[in-house]
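Peer 1: Contents of coords_23.pdb (PDB, C-alpha atoms) are given next:
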ATOM      1  CA  MET J   1      -5.845 -13.313  -2.201
ATOM      2  CA  ASP J   2      -2.123 -13.426  -2.848
ATOM      3  CA  TYR J   3      -0.903 -10.548  -5.040
ATOM      4  CA  LYS J   4       2.512 -10.956  -6.681
ATOM      5  CA  PRO J   5       3.423  -8.204  -9.139
ATOM      6  CA  LYS J   6       5.526  -9.019 -12.189
ATOM      7  CA  ILE J   7       7.316  -6.169 -13.917
ATOM      8  CA  SER J   8       8.467  -5.624 -17.469
ATOM      9  CA  LEU J   9      11.003  -2.995 -18.514
ATOM     10  CA  GLU J  10      11.089  -0.644 -21.466
ATOM     11  CA  ILE J  11      14.663  -0.426 -22.771
ATOM     12  CA  ASP J  12      15.444   1.879 -25.695
ATOM     13  CA  SER J  13      11.738   1.868 -26.686
ATOM     14  CA  HIS J  14      11.623  -1.959 -26.573
ATOM     15  CA  LEU J  15       9.249  -3.519 -24.026
ATOM     16  CA  ILE J  16      11.015  -6.515 -22.463
ATOM     17  CA  ASN J  17       8.723  -9.057 -20.777
ATOM     18  CA  TYR J  18       9.390 -10.243 -17.220
ATOM     19  CA  LYS J  19       9.752 -13.817 -18.519
ATOM     20  CA  PHE J  20      13.034 -12.835 -20.184
ATOM     21  CA  PHE J  21      14.444 -11.567 -16.876
ATOM     22  CA  GLU J  22      13.326 -14.738 -15.108
ATOM     23  CA  ALA J  23      15.327 -16.644 -17.727
ATOM     24  CA  LEU J  24      18.402 -14.515 -16.968
ATOM     25  CA  LYS J  25      18.008 -15.225 -13.252
ATOM     26  CA  CYS J  26      17.920 -18.968 -13.845
ATOM     27  CA  ILE J  27      20.906 -18.902 -16.206
ATOM     28  CA  SER J  28      22.991 -16.832 -13.775
ATOM     29  CA  ARG J  29      22.119 -19.270 -10.975
ATOM     30  CA  THR J  30      22.515 -22.616 -12.795
ATOM     31  CA  TRP J  31      25.198 -21.762 -15.409
ATOM     32  CA  SER J  32      23.185 -23.940 -17.806
ATOM     33  CA  GLN J  33      20.557 -23.014 -20.346
ATOM     34  CA  ARG J  34      19.074 -26.507 -20.201
ATOM     35  CA  LYS J  35      18.786 -26.468 -16.413
ATOM     36  CA  ALA J  36      17.378 -22.941 -16.583
ATOM     37  CA  ALA J  37      14.761 -24.056 -19.096
ATOM     38  CA  ALA J  38      13.821 -27.021 -16.919
ATOM     39  CA  GLY J  39      13.515 -24.767 -13.877
ATOM     40  CA  LEU J  40      11.159 -22.481 -15.799
ATOM     41  CA  ASN J  41       9.209 -25.485 -17.130
ATOM     42  CA  ILE J  42       9.839 -24.500 -20.761
ATOM     43  CA  SER J  43      11.819 -26.124 -23.564
ATOM     44  CA  HIS J  44      15.433 -25.292 -24.292
ATOM     45  CA  ALA J  45      14.331 -23.933 -27.686
ATOM     46  CA  VAL J  46      11.820 -21.523 -26.094
ATOM     47  CA  LEU J  47      14.437 -20.181 -23.680
ATOM     48  CA  ASN J  48      16.928 -19.702 -26.537
ATOM     49  CA  ARG J  49      14.296 -17.834 -28.538
ATOM     50  CA  ARG J  50      13.501 -15.491 -25.636
ATOM     51  CA  VAL J  51      17.145 -14.579 -25.236
ATOM     52  CA  LYS J  52      17.851 -14.255 -28.979
ATOM     53  CA  GLU J  53      14.836 -11.967 -29.553
ATOM     54  CA  VAL J  54      16.022  -9.518 -26.899
ATOM     55  CA  GLU J  55      19.636  -9.659 -28.094
ATOM     56  CA  ASP J  56      18.439  -8.752 -31.588
ATOM     57  CA  LYS J  57      16.326  -5.851 -30.253
ATOM     58  CA  LEU J  58      19.093  -4.394 -28.079
ATOM     59  CA  ASN J  59      21.878  -5.253 -30.511
ATOM     60  CA  PHE J  60      24.309  -6.780 -28.010
ATOM     61  CA  GLN J  61      25.071 -10.236 -26.598
ATOM     62  CA  ILE J  62      23.436 -11.115 -23.303
ATOM     63  CA  VAL J  63      24.191 -14.818 -22.779
ATOM     64  CA  GLU J  64      27.574 -16.368 -23.543
ATOM     65  CA  THR J  65      29.232 -19.785 -23.358
ATOM     66  CA  THR J  66      32.005 -20.004 -20.780
ATOM     67  CA  PRO J  67      34.225 -22.842 -19.504
ATOM     68  CA  ARG J  68      31.710 -23.291 -16.681
ATOM     69  CA  GLY J  69      28.732 -23.450 -19.028
ATOM     70  CA  SER J  70      26.309 -20.697 -20.012
ATOM     71  CA  GLY J  71      26.572 -17.351 -18.248
ATOM     72  CA  LEU J  72      25.668 -13.709 -18.622
ATOM     73  CA  THR J  73      27.863 -11.189 -20.382
ATOM     74  CA  PRO J  74      28.725  -7.995 -18.464
ATOM     75  CA  GLU J  75      25.872  -6.315 -20.369
ATOM     76  CA  GLY J  76      23.551  -9.151 -19.385
ATOM     77  CA  MET J  77      24.541  -8.836 -15.729
ATOM     78  CA  GLU J  78      23.861  -5.103 -15.863
ATOM     79  CA  LEU J  79      20.376  -5.773 -17.269
ATOM     80  CA  LEU J  80      19.633  -8.310 -14.546
ATOM     81  CA  GLU J  81      20.930  -6.056 -11.756
ATOM     82  CA  ARG J  82      18.812  -3.170 -13.007
ATOM     83  CA  TYR J  83      15.738  -5.423 -13.163
ATOM     84  CA  GLU J  84      16.321  -6.796  -9.663
ATOM     85  CA  SER J  85      16.718  -3.273  -8.264
ATOM     86  CA  TYR J  86      13.221  -2.430  -9.531
ATOM     87  CA  GLU J  87      11.890  -5.790  -8.391
ATOM     88  CA  ASN J  88      13.200  -5.254  -4.861
ATOM     89  CA  ARG J  89      11.108  -2.102  -4.566
ATOM     90  CA  LEU J  90       7.970  -4.192  -4.951
ATOM     91  CA  LYS J  91       8.840  -6.625  -2.179
ATOM     92  CA  LYS J  92       7.151  -6.336   1.172
ATOM     93  CA  ARG J  93       9.500  -4.500   3.504
ATOM     94  CA  ASP J  94      10.446  -6.051   6.845
ATOM     95  CA  LYS J  95      10.799  -2.632   8.466
ATOM     96  CA  ILE J  96       8.875   0.590   8.070
ATOM     97  CA  VAL J  97      10.868   3.002   5.911
ATOM     98  CA  ILE J  98      10.814   6.650   7.027
ATOM     99  CA  GLY J  99      12.212   9.269   4.692
ATOM    100  CA  GLY J 100      12.118  13.028   4.700
ATOM    101  CA  GLY J 101      13.702  16.344   5.546
ATOM    102  CA  PHE J 102      16.686  16.420   7.890
ATOM    103  CA  ILE J 103      14.708  17.883  10.792
ATOM    104  CA  SER J 104      11.382  16.077  10.422
ATOM    105  CA  SER J 105      12.845  12.631   9.696
ATOM    106  CA  ASN J 106      15.020  12.795  12.815
ATOM    107  CA  LEU J 107      12.002  13.716  14.916
ATOM    108  CA  VAL J 108       9.820  10.929  13.491
ATOM    109  CA  GLY J 109      12.694   8.438  13.777
ATOM    110  CA  SER J 110      12.962   9.254  17.503
ATOM    111  CA  LEU J 111       9.204   8.914  17.917
ATOM    112  CA  ALA J 112       9.271   5.547  16.123
ATOM    113  CA  SER J 113      12.017   4.343  18.461
ATOM    114  CA  SER J 114      10.096   5.406  21.576
ATOM    115  CA  TYR J 115       6.937   3.768  20.226
ATOM    116  CA  GLY J 116       8.770   0.523  19.453
ATOM    117  CA  LEU J 117       8.189   0.661  15.705
ATOM    118  CA  GLU J 118      10.734  -1.337  13.680
ATOM    119  CA  SER J 119      11.952   1.213  11.145
ATOM    120  CA  VAL J 120      14.826   2.636   9.141
ATOM    121  CA  THR J 121      15.200   6.362   8.515
ATOM    122  CA  TYR J 122      16.593   8.205   5.502
ATOM    123  CA  SER J 123      17.321  11.913   5.976
ATOM    124  CA  THR J 124      17.664  14.260   3.027
ATOM    125  CA  ASP J 125      16.107  17.523   1.832
ATOM    126  CA  ASP J 126      12.368  17.728   1.149
ATOM    127  CA  GLU J 127      12.750  17.668  -2.628
ATOM    128  CA  ASN J 128      14.791  14.467  -2.651
ATOM    129  CA  ALA J 129      12.426  12.924  -0.114
ATOM    130  CA  LEU J 130       9.578  13.543  -2.542
ATOM    131  CA  HIS J 131      11.631  11.778  -5.214
ATOM    132  CA  LEU J 132      11.795   8.699  -2.945
ATOM    133  CA  PHE J 133       8.056   9.070  -2.375
ATOM    134  CA  ASP J 134       7.399   9.136  -6.132
ATOM    135  CA  MET J 135       9.464   5.943  -6.496
ATOM    136  CA  ASP J 136       7.290   4.216  -3.877
ATOM    137  CA  MET J 137      10.277   3.621  -1.592
ATOM    138  CA  LEU J 138       8.756   5.047   1.596
ATOM    139  CA  ASP J 139       6.111   4.032   4.110
ATOM    140  CA  ILE J 140       6.225   7.388   5.884
ATOM    141  CA  LEU J 141       7.169  10.712   4.277
ATOM    142  CA  THR J 142       8.174  13.603   6.546
ATOM    143  CA  LEU J 143       8.519  17.229   5.466
ATOM    144  CA  ASP J 144      10.456  20.107   7.028
ATOM    145  CA  ASP J 145       8.655  22.727   4.954
ATOM    146  CA  PRO J 146       4.848  22.507   4.638
ATOM    147  CA  ILE J 147       4.938  24.198   1.228
ATOM    148  CA  TYR J 148       5.944  20.862  -0.361
ATOM    149  CA  ALA J 149       2.851  19.174   1.019
ATOM    150  CA  PHE J 150       0.608  21.906  -0.378
ATOM    151  CA  LYS J 151       2.373  21.973  -3.753
ATOM    152  CA  ASN J 152       1.977  18.220  -4.189
ATOM    153  CA  ASP J 153      -1.578  18.065  -2.819
ATOM    154  CA  LEU J 154      -0.557  15.572  -0.124
ATOM    155  CA  LYS J 155      -2.757  14.476   2.733
ATOM    156  CA  PHE J 156      -0.416  15.504   5.522
ATOM    157  CA  ASN J 157      -0.656  15.400   9.304
ATOM    158  CA  PRO J 158       0.811  18.259  11.383
ATOM    159  CA  ILE J 159       2.838  16.676  14.198
ATOM    160  CA  ALA J 160       4.854  19.605  15.606
ATOM    161  CA  TYR J 161       5.676  23.289  15.231
ATOM    162  CA  ASP J 162       9.143  24.674  14.743
ATOM    163  CA  TYR J 163      10.668  28.049  13.873
ATOM    164  CA  LEU J 164      13.962  29.393  12.604
ATOM    165  CA  ASP J 165      16.718  30.875  14.728
ATOM    166  CA  LEU J 166      19.506  33.116  13.537
ATOM    167  CA  ILE J 167      22.861  31.331  13.880
ATOM    168  CA  ALA J 168      26.221  33.082  14.112
ATOM    169  CA  SER J 169      29.783  32.163  15.048
ATOM    170  CA  SER J 170      29.379  33.313  18.661
ATOM    171  CA  LYS J 171      26.870  34.496  21.258
ATOM    172  CA  GLU J 172      28.450  37.933  21.104
ATOM    173  CA  SER J 173      27.665  38.194  17.389
ATOM    174  CA  LEU J 174      24.031  37.302  18.068
ATOM    175  CA  GLN J 175      23.682  39.797  20.915
ATOM    176  CA  GLU J 176      24.419  42.601  18.478
ATOM    177  CA  ILE J 177      21.274  41.695  16.504
ATOM    178  CA  ASP J 178      18.069  42.297  18.434
ATOM    179  CA  ASP J 179      16.075  43.711  15.524
ATOM    180  CA  ILE J 180      15.508  42.538  11.958
ATOM    181  CA  ASN J 181      16.992  45.770  10.613
ATOM    182  CA  HIS J 182      20.349  44.806  12.111
ATOM    183  CA  LEU J 183      20.527  42.074   9.429
ATOM    184  CA  LYS J 184      21.103  44.599   6.668
ATOM    185  CA  ARG J 185      24.138  43.843   4.526
ATOM    186  CA  LYS J 186      24.830  40.597   6.388
ATOM    187  CA  LYS J 187      26.196  37.575   4.518
ATOM    188  CA  PHE J 188      24.334  34.264   4.749
ATOM    189  CA  VAL J 189      24.762  30.557   4.126
ATOM    190  CA  SER J 190      21.747  28.949   2.447
ATOM    191  CA  VAL J 191      20.332  25.411   2.559
ATOM    192  CA  PRO J 192      18.182  24.945  -0.582
ATOM    193  CA  ASN J 193      14.891  23.005  -0.399
ATOM    194  CA  SER J 194      14.451  23.705   3.304
ATOM    195  CA  SER J 195      12.245  25.799   5.558
ATOM    196  CA  GLN J 196      14.831  28.610   5.236
ATOM    197  CA  ARG J 197      12.499  29.825   2.508
ATOM    198  CA  LEU J 198      10.510  31.466   5.309
ATOM    199  CA  ALA J 199      13.523  33.463   6.485
ATOM    200  CA  TRP J 200      14.388  34.793   3.043
ATOM    201  CA  ASN J 201      10.736  35.735   2.445
ATOM    202  CA  THR J 202      10.700  37.586   5.753
ATOM    203  CA  LEU J 203      13.843  39.556   4.914
ATOM    204  CA  ASP J 204      12.577  40.336   1.421
ATOM    205  CA  ASN J 205       9.214  41.542   2.734
ATOM    206  CA  SER J 206      11.019  43.815   5.196
ATOM    207  CA  ASN J 207      13.233  45.223   2.420
ATOM    208  CA  ILE J 208      16.381  43.981   4.134
ATOM    209  CA  ASP J 209      19.437  44.131   1.900
ATOM    210  CA  TYR J 210      21.260  40.829   2.479
ATOM    211  CA  ARG J 211      23.503  38.469   0.488
ATOM    212  CA  ILE J 212      23.553  34.694   0.175
ATOM    213  CA  VAL J 213      27.227  33.954  -0.417
ATOM    214  CA  GLU J 214      27.294  30.179  -0.024
ATOM    215  CA  LYS J 215      24.924  27.239  -0.519
ATOM    216  CA  VAL J 216      25.346  23.919   1.277
ATOM    217  CA  LYS J 217      23.521  20.590   1.178
ATOM    218  CA  ASN J 218      22.194  20.285   4.721
ATOM    219  CA  PRO J 219      21.656  22.291   7.934
ATOM    220  CA  PHE J 220      24.518  20.574   9.755
ATOM    221  CA  GLU J 221      26.971  21.752   7.115
ATOM    222  CA  ALA J 222      25.501  25.257   7.305
ATOM    223  CA  PHE J 223      25.934  25.293  11.083
ATOM    224  CA  LYS J 224      29.555  24.178  10.824
ATOM    225  CA  THR J 225      30.342  26.707   8.088
ATOM    226  CA  VAL J 226      28.951  29.619  10.103
ATOM    227  CA  LYS J 227      30.596  28.559  13.365
ATOM    228  CA  TYR J 228      34.011  28.790  11.722
ATOM    229  CA  ASN J 229      33.434  32.155  10.047
ATOM    230  CA  GLU J 230      32.557  35.226  12.086
ATOM    231  CA  ASN J 231      31.344  37.092   8.988
ATOM    232  CA  LEU J 232      28.648  34.582   8.084
ATOM    233  CA  TYR J 233      25.130  33.929   9.365
ATOM    234  CA  THR J 234      22.389  31.435   8.650
ATOM    235  CA  PHE J 235      18.856  30.520   9.751
ATOM    236  CA  LEU J 236      18.275  27.014  11.099
ATOM    237  CA  ASN J 237      15.542  25.156  12.952
ATOM    238  CA  SER J 238      15.448  26.145  16.601
ATOM    239  CA  SER J 239      14.702  22.547  17.640
ATOM    240  CA  PHE J 240      18.194  21.481  16.559
ATOM    241  CA  PHE J 241      20.198  24.722  16.502
ATOM    242  CA  PRO J 242      19.259  27.245  19.230
ATOM    243  CA  GLY J 243      20.213  30.822  18.442
ATOM    244  CA  SER J 244      18.534  34.207  18.233
ATOM    245  CA  ASP J 245      14.740  34.196  17.793
ATOM    246  CA  VAL J 246      14.761  37.597  16.062
ATOM    247  CA  ILE J 247      12.266  36.378  13.418
ATOM    248  CA  LYS J 248      10.613  33.606  15.423
ATOM    249  CA  GLU J 249       6.989  34.568  14.810
ATOM    250  CA  GLU J 250       7.512  35.130  11.084
ATOM    251  CA  THR J 251       9.072  31.690  10.579
ATOM    252  CA  LYS J 252       6.953  29.449  12.780
ATOM    253  CA  HIS J 253       5.882  26.485  10.651
ATOM    254  CA  ILE J 254       4.445  22.985  10.674
ATOM    255  CA  ILE J 255       6.483  19.790  10.725
ATOM    256  CA  SER J 256       4.349  17.269   8.858
ATOM    257  CA  LEU J 257       4.006  13.549   8.262
ATOM    258  CA  VAL J 258       2.376  11.673   5.382
ATOM    259  CA  ILE J 259       1.401   8.023   5.735
ATOM    260  CA  VAL J 260       2.323   6.653   2.308
ATOM    261  CA  ASN J 261       1.673   2.956   2.896
ATOM    262  CA  GLU J 262      -1.836   2.900   4.314
ATOM    263  CA  HIS J 263      -1.832  -0.914   4.292
ATOM    264  CA  ALA J 264       1.180  -1.212   6.602
ATOM    265  CA  GLU J 265       0.386  -2.460  10.086
ATOM    266  CA  ASN J 266       0.597  -0.127  13.096
ATOM    267  CA  LEU J 267       1.009   3.136  11.162
ATOM    268  CA  LYS J 268      -2.393   4.547  12.084
ATOM    269  CA  ASP J 269      -1.783   3.617  15.716
ATOM    270  CA  PHE J 270       1.678   5.197  15.461
ATOM    271  CA  LEU J 271       0.162   8.453  14.210
ATOM    272  CA  GLU J 272      -2.321   8.432  17.108
ATOM    273  CA  TYR J 273       0.625   7.952  19.470
ATOM    274  CA  ILE J 274       2.482  10.928  17.924
ATOM    275  CA  LEU J 275      -0.551  13.181  18.313
ATOM    276  CA  GLY J 276      -1.198  11.960  21.840
ATOM    277  CA  GLU J 277       1.428  10.697  24.259
ATOM    278  CA  GLY J 278       4.190  11.354  21.729
ATOM    279  CA  GLN J 279       3.683  15.115  22.023
ATOM    280  CA  GLN J 280       5.698  14.951  25.242
ATOM    281  CA  ILE J 281       8.669  13.718  23.218
ATOM    282  CA  VAL J 282       7.985  16.378  20.567
ATOM    283  CA  GLU J 283       8.338  19.017  23.276
ATOM    284  CA  LYS J 284      11.467  17.422  24.791
ATOM    285  CA  LYS J 285      13.080  17.482  21.347
ATOM    286  CA  GLY J 286      12.709  21.271  21.228
ATOM    287  CA  PHE J 287       9.564  21.559  19.096
ATOM    288  CA  ASP J 288       6.207  23.088  20.003
ATOM    289  CA  ARG J 289       3.236  20.775  20.423
ATOM    290  CA  VAL J 290       0.383  20.735  17.935
ATOM    291  CA  ARG J 291      -1.998  19.658  20.714
TER     292      ARG J 291
END
Before we go any further, please render this structure as structure tokens.

Peer 2:
Amino acid sequence: MDYKPKISLEIDSHLINYKFFEALKCISRTWSQRKAAAGLNISHAVLNRRVKEVEDKLNFQIVETTPRGSGLTPEGMELLERYESYENRLKKRDKIVIGGGFISSNLVGSLASSYGLESVTYSTDDENALHLFDMDMLDILTLDDPIYAFKNDLKFNPIAYDYLDLIASSKESLQEIDDINHLKRKKFVSVPNSSQRLAWNTLDNSNIDYRIVEKVKNPFEAFKTVKYNENLYTFLNSSFFPGSDVIKEETKHIISLVIVNEHAENLKDFLEYILGEGQQIVEKKGFDRVR
């Protein structure tokens, strides 16, 4: 069976049928209401009525007469562009879309490349990755912090282990800290919505007095910020940013993968590859194997 979804949009509490947007497409392509009507196999009067009803509901002009014929007003073009953006999300994707945390998405992207899986990868923080997941824009979701999988009751697959290292401006600064108590009164750079949560929990549970003085968007920015300031520290994934393993055991955590599109070809075989032969690559990338 051939499934082709058609979508309608609710605009200012008015439900606008997909047939109206198909009319806008035809008008924008043909610059003629009569040709658009013929292309849709409806009468000119029916097409005019569809447009007029929506214009009355939204209280602005959508189709206008121009020297070239009939076209869309700027407001009409905005409506059509918004509709097509939603419509594009329903189309079958040519490549597998991987999206997730900065650390996990890079790992899975590398594994996809070694496996020969045609894919594109979007790296962001876990919270924004879940937003893409909710919008049905991903085939594979990856998570740096397992807490997001548990919170959202996701069926996740552990694919690697990682832990957090203490990062400082120099090796000399790190050598001075060989015990968690040496972190008292240190200043830190934070990356929200990341596995750093484990580090802050560890310091809190050990009654370490510390200060978060700056928040940045991603681990790479945190690394750069600390490297240029000898008074700042941060905790980042050891797989990407080797440093001091002073709280290694307390911050060891799962890197996970969720197959979102279970109907996509090759994804189950890809997961088997990750958990089998792919574990060699996991280890080469600086992670610990799960098997």

Peer 1: Pick from J:Ile180, J:Leu132, J:Ala222, J:Ala112: nearest to Asp209 (chain J), with all atoms listed in the file counted?

Peer 2: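 Closest residue, counting all atoms listed in the file: J:Ile180.
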
Peer 1: J:Ser194, J:Ser119, J:Asn88, J:Ser170: which is nearest Val226 (chain J), counting all atoms listed in the file?

Peer 2: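 Of all the options, J:Ser170 lies closest to Val226 (chain J).
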
Peer 1: Pick the closest to Ile62 (chain J) from J:Glu176, J:Asp288, J:Glu78, J:Glu84: which is it, counting only C-alpha atoms?

Peer 2: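 Nearest to Ile62 (chain J): J:Glu78.
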
Peer 1: Which one of J:Ser244, J:Ser13, J:Asn41, J:Thr30 sits closest to Leu58 (chain J) if you count only C-alpha atoms?

Peer 2: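 Closest residue, counting only C-alpha atoms: J:Ser13.
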
Peer 1: Kindly list the centre and edge lengths in Å, rounded to one decimal, for the axis-aligned box that covers all listed atoms of region 280-291 of chain J plus 4 Å on each of its six sides, as AutoDock Vina command-line options.

Peer 2:
--center_x 5.5 --center_y 18.4 --center_z 21.6 --size_x 23.1 --size_y 17.4 --size_z 15.3

Peer 1: Got a sec to resolve the PyMOL selection byres ((chain J and resi 45-55) around 9) on this structure and send the residues as an MDAnalysis selection string?

Peer 2: chainID J and resid 14 16 19:20 23:24 33:34 36:37 40 42:44 56:63

Peer 1: Applying 6 Å and only C-alpha atoms, which residues near Asn237 (chain J) remain after dropping the ones on its own chain fewer than 2 positions away? List them as a ChimeraX atom specification.

Peer 2: /J:163-164,239-241

Peer 1: Which residue gives the smallest distance to Asn261 (chain J) among J:Tyr228, J:Phe133, J:Phe102, J:Tyr122, with only C-alpha atoms counted?

Peer 2: J:Phe133

Peer 1: Once the PyMOL selection byres ((chain J and resi 28) around 10) is applied to the coordinates I shared, what remains selected? I want it as number ranges by chain.

Peer 2: J: 22-27, 29-33, 36, 63, 70-73, 76-77, 80

Peer 1: Output C-alpha atoms for every residue in the selection just made, as a PDB file, in the frame of the given file.

Peer 2:
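So the final result, stored in again.pdb, reads:
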ATOM      1  CA  GLU J  22      13.326 -14.738 -15.108  1.00  0.00           C
ATOM      2  CA  ALA J  23      15.327 -16.644 -17.727  1.00  0.00           C
ATOM      3  CA  LEU J  24      18.402 -14.515 -16.968  1.00  0.00           C
ATOM      4  CA  LYS J  25      18.008 -15.225 -13.252  1.00  0.00           C
ATOM      5  CA  CYS J  26      17.920 -18.968 -13.845  1.00  0.00           C
ATOM      6  CA  ILE J  27      20.906 -18.902 -16.206  1.00  0.00           C
ATOM      7  CA  ARG J  29      22.119 -19.270 -10.975  1.00  0.00           C
ATOM      8  CA  THR J  30      22.515 -22.616 -12.795  1.00  0.00           C
ATOM      9  CA  TRP J  31      25.198 -21.762 -15.409  1.00  0.00           C
ATOM     10  CA  SER J  32      23.185 -23.940 -17.806  1.00  0.00           C
ATOM     11  CA  GLN J  33      20.557 -23.014 -20.346  1.00  0.00           C
ATOM     12  CA  ALA J  36      17.378 -22.941 -16.583  1.00  0.00           C
ATOM     13  CA  VAL J  63      24.191 -14.818 -22.779  1.00  0.00           C
ATOM     14  CA  SER J  70      26.309 -20.697 -20.012  1.00  0.00           C
ATOM     15  CA  GLY J  71      26.572 -17.351 -18.248  1.00  0.00           C
ATOM     16  CA  LEU J  72      25.668 -13.709 -18.622  1.00  0.00           C
ATOM     17  CA  THR J  73      27.863 -11.189 -20.382  1.00  0.00           C
ATOM     18  CA  GLY J  76      23.551  -9.151 -19.385  1.00  0.00           C
ATOM     19  CA  MET J  77      24.541  -8.836 -15.729  1.00  0.00           C
ATOM     20  CA  LEU J  80      19.633  -8.310 -14.546  1.00  0.00           C
TER      21      LEU J  80
END

Peer 1: Report the distance between CA of Thr251 (chain J) and CA of Asp165 (chain J) in Å, rounded to one decimal place.

Peer 2: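 CA of Thr251 (chain J) sits 8.7 Å away from CA of Asp165 (chain J).
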
Peer 1: Residues picked by the PyMOL selection byres ((chain J and resi 9) around 10) here, as a ChimeraX atom specification?

Peer 2: /J:7-8,10-18,21,79,82-83,86

Peer 1: When you count all atoms listed in the file, which of these residues is closest to Asp269 (chain J): J:Val97, J:Val290, J:Tyr115, J:Phe156?

Peer 2: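 Residue with the minimum atom-to-atom distance to Asp269 (chain J): J:Tyr115.
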
Peer 1: List as a list of chain:residue names the protein and nucleic acid residues near region 136-147 of chain J, meaning an atom at most 8 Å away when only C-alpha atoms are counted, but skip any in the same chain fewer than 5 places from it.

Peer 2: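 Near neighbours after the sequence-gap exclusion: J:Arg89, J:Ile96, J:Val97, J:Ile98, J:Gly99, J:Gly100, J:Gly101, J:Phe102, J:Ile103, J:Ser104, J:Ser105, J:Val108, J:Asp126, J:Ala129, J:Leu130, J:Ser194, J:Ser195, J:His253, J:Ile254, J:Ile255, J:Ser256, J:Leu257, J:Val258, J:Ile259, J:Val260, J:Asn261, J:Ala264.
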
Peer 1: With C-alpha atoms retained, write the just-selected residues as a CSV table (one decimal), in the frame of the given file.

Peer 2:
chain,number,residue,atom,x,y,z
J,89,ARG,CA,11.1,-2.1,-4.6
J,96,ILE,CA,8.9,0.6,8.1
J,97,VAL,CA,10.9,3.0,5.9
J,98,ILE,CA,10.8,6.6,7.0
J,99,GLY,CA,12.2,9.3,4.7
J,100,GLY,CA,12.1,13.0,4.7
J,101,GLY,CA,13.7,16.3,5.5
J,102,PHE,CA,16.7,16.4,7.9
J,103,ILE,CA,14.7,17.9,10.8
J,104,SER,CA,11.4,16.1,10.4
J,105,SER,CA,12.8,12.6,9.7
J,108,VAL,CA,9.8,10.9,13.5
J,126,ASP,CA,12.4,17.7,1.1
J,129,ALA,CA,12.4,12.9,-0.1
J,130,LEU,CA,9.6,13.5,-2.5
J,194,SER,CA,14.5,23.7,3.3
J,195,SER,CA,12.2,25.8,5.6
J,253,HIS,CA,5.9,26.5,10.7
J,254,ILE,CA,4.4,23.0,10.7
J,255,ILE,CA,6.5,19.8,10.7
J,256,SER,CA,4.3,17.3,8.9
J,257,LEU,CA,4.0,13.5,8.3
J,258,VAL,CA,2.4,11.7,5.4
J,259,ILE,CA,1.4,8.0,5.7
J,260,VAL,CA,2.3,6.7,2.3
J,261,ASN,CA,1.7,3.0,2.9
J,264,ALA,CA,1.2,-1.2,6.6

Peer 1: I'd like the contact shell of Pro242 (chain J) - 12 Å cut-off, all atoms listed in the file, skipping same-chain residues fewer than 5 positions apart - returned as a VMD selection string.

Peer 2: chain J and resid 162 to 168 170 to 171 174 223 234 to 237 248 285 to 287

Peer 1: Rounded to one decimal place, report the CA of Ser123 (chain J)-CA of Asn106 (chain J) distance in Å.

Peer 2: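 Here the two named atoms are 7.3 Å from each other.
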
Peer 1: How many Å lie between CA of Thr202 (chain J) and CA of Phe188 (chain J), rounded to one decimal?

Peer 2: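 Result for CA of Thr202 (chain J) versus CA of Phe188 (chain J): 14.1 Å, one decimal.
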